[in-house]
file target22.cif (mmCIF, C-alpha atoms)
data_start
loop_
_atom_site.label_atom_id
_atom_site.label_comp_id
_atom_site.auth_asym_id
_atom_site.auth_seq_id
_atom_site.Cartn_x
_atom_site.Cartn_y
_atom_site.Cartn_z
CA MET K 1 0.72 -18.07 8.54
CA LYS K 2 -0.26 -16.02 11.58
CA LYS K 3 -3.26 -13.84 10.75
CA HIS K 4 -3.52 -10.34 12.18
CA LYS K 5 -7.31 -10.46 11.77
CA LYS K 6 -7.91 -6.72 11.86
CA ARG K 7 -9.03 -4.55 8.97
CA CYS K 8 -8.30 -0.84 8.82
CA LYS K 9 -11.37 1.37 9.26
CA ALA K 10 -10.19 3.42 6.28
CA PHE K 11 -11.60 0.74 3.96
CA ASP K 12 -15.09 1.48 5.32
CA ILE K 13 -14.93 5.29 5.20
CA LYS K 14 -16.83 6.62 2.18
CA ASP K 15 -15.75 10.26 2.37
CA ARG K 16 -12.41 10.49 0.52
CA ASN K 17 -11.09 13.37 2.66
CA ARG K 18 -11.79 11.52 5.92
CA GLN K 19 -10.39 8.35 4.39
CA TYR K 20 -7.16 10.12 3.45
CA ARG K 21 -6.83 11.73 6.91
CA HIS K 22 -7.21 8.30 8.50
CA LEU K 23 -4.55 6.77 6.23
CA CYS K 24 -2.13 9.63 7.01
CA LYS K 25 -1.96 8.32 10.58
CA LEU K 26 -0.40 5.00 9.52
CA VAL K 27 2.90 4.17 11.21
CA PRO K 28 5.64 2.32 9.25
CA VAL K 29 6.38 -1.21 10.42
CA GLU K 30 8.71 -2.40 7.65
CA LYS K 31 10.16 -0.58 4.66
CA TYR K 32 10.55 -2.84 1.63
CA GLY K 33 12.20 -0.33 -0.66
CA SER K 34 11.89 -0.32 -4.43
CA PHE K 35 12.64 -3.95 -5.36
CA CYS K 36 11.88 -7.50 -4.25
CA GLY K 37 14.28 -9.64 -6.24
CA ASP K 38 13.81 -8.46 -9.81
CA LYS K 39 10.30 -7.03 -9.21
CA MET K 40 9.89 -3.26 -9.06
CA LEU K 41 7.63 -2.46 -6.12
CA TYR K 42 6.19 0.64 -7.76
CA THR K 43 4.70 1.89 -11.03
CA TRP K 44 6.14 4.58 -13.29
CA ASP K 45 9.54 6.16 -12.53
CA ASP K 46 10.21 5.90 -8.80
CA GLY K 47 8.67 4.59 -5.58
CA GLY K 48 8.49 1.67 -3.19
CA ARG K 49 6.42 -0.19 -0.62
CA ILE K 50 5.99 0.07 3.12
CA LEU K 51 4.05 -2.11 5.52
CA SER K 52 2.28 0.12 8.04
CA ARG K 53 0.05 -0.24 11.07
CA CYS K 54 -2.94 1.90 11.91
CA PRO K 55 -2.60 3.34 15.44
CA GLU K 56 -6.38 3.65 15.80
CA CYS K 57 -7.47 0.16 14.76
CA ASP K 58 -4.14 -1.75 14.90
CA ALA K 59 -4.67 -3.10 11.36
CA LEU K 60 -1.89 -3.69 8.82
CA VAL K 61 -1.85 -1.87 5.47
CA LEU K 62 0.62 -2.37 2.62
CA ILE K 63 1.36 0.96 0.93
CA GLN K 64 2.77 1.39 -2.57
CA HIS K 65 4.04 4.85 -3.53
CA SER K 66 4.81 5.69 -7.16
CA GLU K 67 6.00 8.84 -8.85
CA TYR K 68 5.77 9.84 -12.49
CA HIS K 69 8.46 12.27 -13.66
CA GLY K 70 6.89 14.36 -16.41
CA ALA K 71 6.25 18.01 -17.14
CA GLU K 72 4.50 18.06 -13.77
CA ASP K 73 5.32 15.26 -11.36
CA SER K 74 2.41 13.06 -10.33
CA TYR K 75 2.29 10.96 -7.20
CA TYR K 76 0.25 7.79 -6.73
CA SER K 77 -0.43 6.00 -3.44
CA ASP K 78 -2.11 2.61 -3.19
CA TYR K 79 -3.21 1.12 0.12
CA PHE K 80 -3.86 -2.63 0.34
CA ALA K 81 -5.55 -4.37 3.27
CA VAL K 82 -3.37 -7.27 4.51
CA ASP K 83 -3.99 -9.78 7.30
CA SER K 84 -0.38 -10.39 8.27
CA VAL K 85 3.27 -9.51 7.73
CA GLU K 86 3.57 -12.79 5.85
CA GLU K 87 0.79 -11.80 3.46
CA ALA K 88 2.57 -8.50 2.72
CA HIS K 89 5.81 -10.41 1.99
CA LYS K 90 3.88 -12.77 -0.30
CA LEU K 91 2.37 -9.85 -2.23
CA ASN K 92 5.83 -8.31 -2.67
CA ARG K 93 7.19 -11.58 -4.09
CA LYS K 94 4.17 -12.17 -6.36
CA TYR K 95 3.33 -8.74 -7.81
CA ASN K 96 5.37 -5.96 -9.34
CA GLY K 97 4.01 -2.41 -9.12
CA TRP K 98 1.80 -2.61 -12.17
CA GLU K 99 0.50 -6.13 -11.45
CA ILE K 100 -0.62 -5.37 -7.89
CA GLU K 101 -2.60 -2.38 -9.17
CA THR K 102 -4.27 -4.29 -12.01
CA ASP K 103 -4.35 -8.01 -11.08
CA TYR K 104 -4.60 -8.14 -7.29
CA LYS K 105 -8.23 -8.77 -6.25
CA GLY K 106 -7.95 -7.74 -2.59
CA GLU K 107 -9.14 -4.47 -1.08
CA ARG K 108 -7.41 -1.36 -2.38
CA ILE K 109 -7.66 2.38 -1.83
CA TYR K 110 -5.76 4.74 -4.12
CA PHE K 111 -5.02 8.44 -4.33
CA THR K 112 -3.39 10.51 -7.09
CA PHE K 113 -1.73 13.85 -6.38
#

call {"tool": "encode", "arguments": {"input": "target22.cif", "output": "structure tokens"}}
result
Amino acid sequence: MKKHKKRCKAFDIKDRNRQYRHLCKLVPVEKYGSFCGDKMLYTWDDGGRILSRCPECDALVLIQHSEYHGAEDSYYSDYFAVDSVEEAHKLNRKYNGWEIETDYKGERIYFTF
């Protein structure tokens, strides 16, 4: 497995507003959609995953977007530090949306809107 060996600066930023602004700059590399085999790649009612690259630090970040359809829609975004495209593919095959949020032990940033 070829390692990318860069970690996004966002995982070191303590201020949540600055952290979010940094993550908003991510550029999509590969869109995985909503499913990997029979695994839903989101939590709740709708969503998917995207592998993105940070234009400032050139690091890879796996993003999971989820939406809850209720009286007022809620949106959830999870950002996972990954070392390579292969690692992102492995996470998609191993974890559904709920499992990656609860069982995955790697670095994670999350926002709820």

call {"tool": "axis_aligned_box", "arguments": {"input": "target22.cif", "around": "region 73-83 of chain K", "padding_each_side": "5 Å", "output": "JSON"}}
result
{"center_x": -0.1, "center_y": 2.7, "center_z": -2.0, "size_x": 20.9, "size_y": 35.0, "size_z": 28.7}

call {"tool": "resolve_selection", "arguments": {"input": "target22.cif", "expression": "the PyMOL selection byres ((chain K and resi 51) around 9)", "output": "list in words"}}
result
Val27, Pro28, Val29, Glu30, Lys31, Tyr32, Arg49, Ile50, Ser52, Arg53, Leu60, Val61, Leu62, Ile63, Gln64, Val85 and Ala88 of chain K

call {"tool": "write_last_selection", "arguments": {"input": "target22.cif", "atoms": "C-alpha atoms", "output": "PDB file, in the coordinates of the input"}}
result
ATOM      1  CA  VAL K  27       2.900   4.170  11.210  1.00  0.00           C
ATOM      2  CA  PRO K  28       5.640   2.320   9.250  1.00  0.00           C
ATOM      3  CA  VAL K  29       6.380  -1.210  10.420  1.00  0.00           C
ATOM      4  CA  GLU K  30       8.710  -2.400   7.650  1.00  0.00           C
ATOM      5  CA  LYS K  31      10.160  -0.580   4.660  1.00  0.00           C
ATOM      6  CA  TYR K  32      10.550  -2.840   1.630  1.00  0.00           C
ATOM      7  CA  ARG K  49       6.420  -0.190  -0.620  1.00  0.00           C
ATOM      8  CA  ILE K  50       5.990   0.070   3.120  1.00  0.00           C
ATOM      9  CA  SER K  52       2.280   0.120   8.040  1.00  0.00           C
ATOM     10  CA  ARG K  53       0.050  -0.240  11.070  1.00  0.00           C
ATOM     11  CA  LEU K  60      -1.890  -3.690   8.820  1.00  0.00           C
ATOM     12  CA  VAL K  61      -1.850  -1.870   5.470  1.00  0.00           C
ATOM     13  CA  LEU K  62       0.620  -2.370   2.620  1.00  0.00           C
ATOM     14  CA  ILE K  63       1.360   0.960   0.930  1.00  0.00           C
ATOM     15  CA  GLN K  64       2.770   1.390  -2.570  1.00  0.00           C
ATOM     16  CA  VAL K  85       3.270  -9.510   7.730  1.00  0.00           C
ATOM     17  CA  ALA K  88       2.570  -8.500   2.720  1.00  0.00           C
TER      18      ALA K  88
END

call {"tool": "residues_around", "arguments": {"input": "target22.cif", "residues": "region 4-21 of chain K", "least_positions_apart": "3", "cutoff": "8 Å", "atoms": "only C-alpha atoms", "output": "short mmCIF file (atom, residue, chain, number, x, y, z; two decimals) with C-alpha atoms, in the frame of the given file"}}
result
data_model
loop_
_atom_site.label_atom_id
_atom_site.label_comp_id
_atom_site.auth_asym_id
_atom_site.auth_seq_id
_atom_site.Cartn_x
_atom_site.Cartn_y
_atom_site.Cartn_z
CA CYS K 24 -2.13 9.63 7.01
CA LYS K 25 -1.96 8.32 10.58
CA CYS K 54 -2.94 1.90 11.91
CA CYS K 57 -7.47 0.16 14.76
CA ASP K 58 -4.14 -1.75 14.90
CA ALA K 59 -4.67 -3.10 11.36
CA LEU K 60 -1.89 -3.69 8.82
CA VAL K 61 -1.85 -1.87 5.47
CA ALA K 81 -5.55 -4.37 3.27
CA VAL K 82 -3.37 -7.27 4.51
CA ASP K 83 -3.99 -9.78 7.30
CA SER K 84 -0.38 -10.39 8.27
CA GLU K 107 -9.14 -4.47 -1.08
CA ARG K 108 -7.41 -1.36 -2.38
CA ILE K 109 -7.66 2.38 -1.83
#

call {"tool": "atom_distance", "arguments": {"input": "target22.cif", "atom1": "CA of Tyr42 (chain K)", "atom2": "CA of Tyr75 (chain K)"}}
result
11.0 Å

call {"tool": "closest_residue", "arguments": {"input": "target22.cif", "among": "K:Gly47, K:Ala71, K:Leu23, K:Leu41", "to": "Leu91 (chain K)", "atoms": "only C-alpha atoms"}}
result
K:Leu41

call {"tool": "residues_around", "arguments": {"input": "target22.cif", "residues": "His69 (chain K)", "least_positions_apart": "6", "cutoff": "10 Å", "atoms": "all atoms listed in the file", "output": "list of chain:residue names"}}
result
K:Trp44, K:Asp45, K:Asp46, K:Tyr75

call {"tool": "resolve_selection", "arguments": {"input": "target22.cif", "expression": "the PyMOL selection byres ((chain K and resi 92) around 9)", "output": "CSV table (one decimal) with C-alpha atoms, in the frame of the given file"}}
result
chain,number,residue,atom,x,y,z
K,32,TYR,CA,10.6,-2.8,1.6
K,35,PHE,CA,12.6,-4.0,-5.4
K,36,CYS,CA,11.9,-7.5,-4.2
K,39,LYS,CA,10.3,-7.0,-9.2
K,41,LEU,CA,7.6,-2.5,-6.1
K,49,ARG,CA,6.4,-0.2,-0.6
K,87,GLU,CA,0.8,-11.8,3.5
K,88,ALA,CA,2.6,-8.5,2.7
K,89,HIS,CA,5.8,-10.4,2.0
K,90,LYS,CA,3.9,-12.8,-0.3
K,91,LEU,CA,2.4,-9.8,-2.2
K,93,ARG,CA,7.2,-11.6,-4.1
K,94,LYS,CA,4.2,-12.2,-6.4
K,95,TYR,CA,3.3,-8.7,-7.8
K,96,ASN,CA,5.4,-6.0,-9.3
K,97,GLY,CA,4.0,-2.4,-9.1
K,100,ILE,CA,-0.6,-5.4,-7.9

call {"tool": "closest_residue", "arguments": {"input": "target22.cif", "among": "K:Glu86, K:Tyr79, K:Lys105, K:Gly48", "to": "Glu67 (chain K)", "atoms": "all atoms listed in the file"}}
result
K:Gly48

call {"tool": "atom_distance", "arguments": {"input": "target22.cif", "atom1": "CA of Thr102 (chain K)", "atom2": "CA of Asp78 (chain K)"}}
result
11.4 Å

call {"tool": "atom_distance", "arguments": {"input": "target22.cif", "atom1": "CA of Leu26 (chain K)", "atom2": "CA of Phe80 (chain K)"}}
result
12.4 Å

call {"tool": "closest_residue", "arguments": {"input": "target22.cif", "among": "K:Glu56, K:Glu101, K:Met40, K:Thr112", "to": "Ser74 (chain K)", "atoms": "all atoms listed in the file"}}
result
K:Thr112

call {"tool": "build_atoms", "arguments": {"input": "target22.cif", "residues": "region 56-75 of chain K", "atoms": "N, CA and C atoms", "output": "compact mmCIF listing (two decimals), keeping the file's coordinate frame"}}
result
# COMPACT_ATOMS: atom_id res chain seq x y z
N GLU K 56 -5.01 3.62 15.27
CA GLU K 56 -6.38 3.65 15.80
C GLU K 56 -7.02 2.26 15.85
N CYS K 57 -6.80 1.46 14.81
CA CYS K 57 -7.47 0.16 14.76
C CYS K 57 -6.50 -1.02 14.77
N ASP K 58 -5.20 -0.74 14.81
CA ASP K 58 -4.14 -1.75 14.90
C ASP K 58 -4.08 -2.68 13.69
N ALA K 59 -4.67 -2.28 12.58
CA ALA K 59 -4.67 -3.10 11.36
C ALA K 59 -3.40 -2.85 10.54
N LEU K 60 -3.04 -3.82 9.71
CA LEU K 60 -1.89 -3.69 8.82
C LEU K 60 -2.35 -3.25 7.43
N VAL K 61 -1.56 -2.37 6.81
CA VAL K 61 -1.85 -1.87 5.47
C VAL K 61 -0.54 -1.84 4.70
N LEU K 62 -0.53 -2.43 3.51
CA LEU K 62 0.62 -2.37 2.62
C LEU K 62 0.44 -1.15 1.71
N ILE K 63 1.43 -0.27 1.72
CA ILE K 63 1.36 0.96 0.93
C ILE K 63 2.34 0.89 -0.22
N GLN K 64 1.89 1.27 -1.41
CA GLN K 64 2.77 1.39 -2.57
C GLN K 64 2.74 2.84 -3.02
N HIS K 65 3.91 3.47 -3.04
CA HIS K 65 4.04 4.85 -3.53
C HIS K 65 4.72 4.82 -4.89
N SER K 66 4.21 5.59 -5.83
CA SER K 66 4.81 5.69 -7.16
C SER K 66 4.85 7.15 -7.58
N GLU K 67 5.85 7.48 -8.35
CA GLU K 67 6.00 8.84 -8.85
C GLU K 67 6.26 8.81 -10.35
N TYR K 68 5.57 9.69 -11.05
CA TYR K 68 5.77 9.84 -12.49
C TYR K 68 6.51 11.15 -12.72
N HIS K 69 7.67 11.07 -13.36
CA HIS K 69 8.46 12.27 -13.66
C HIS K 69 8.09 12.76 -15.06
N GLY K 70 7.29 13.78 -15.13
CA GLY K 70 6.89 14.36 -16.41
C GLY K 70 6.99 15.86 -16.32
N ALA K 71 6.26 16.55 -17.17
CA ALA K 71 6.25 18.01 -17.14
C ALA K 71 5.86 18.48 -15.74
N GLU K 72 4.89 17.84 -15.17
CA GLU K 72 4.50 18.06 -13.77
C GLU K 72 4.50 16.69 -13.10
N ASP K 73 5.27 16.55 -12.05
CA ASP K 73 5.32 15.26 -11.36
C ASP K 73 3.95 14.88 -10.82
N SER K 74 3.64 13.60 -10.91
CA SER K 74 2.41 13.06 -10.33
C SER K 74 2.79 11.99 -9.33
N TYR K 75 2.03 11.92 -8.26
CA TYR K 75 2.29 10.96 -7.20
C TYR K 75 1.06 10.07 -7.03
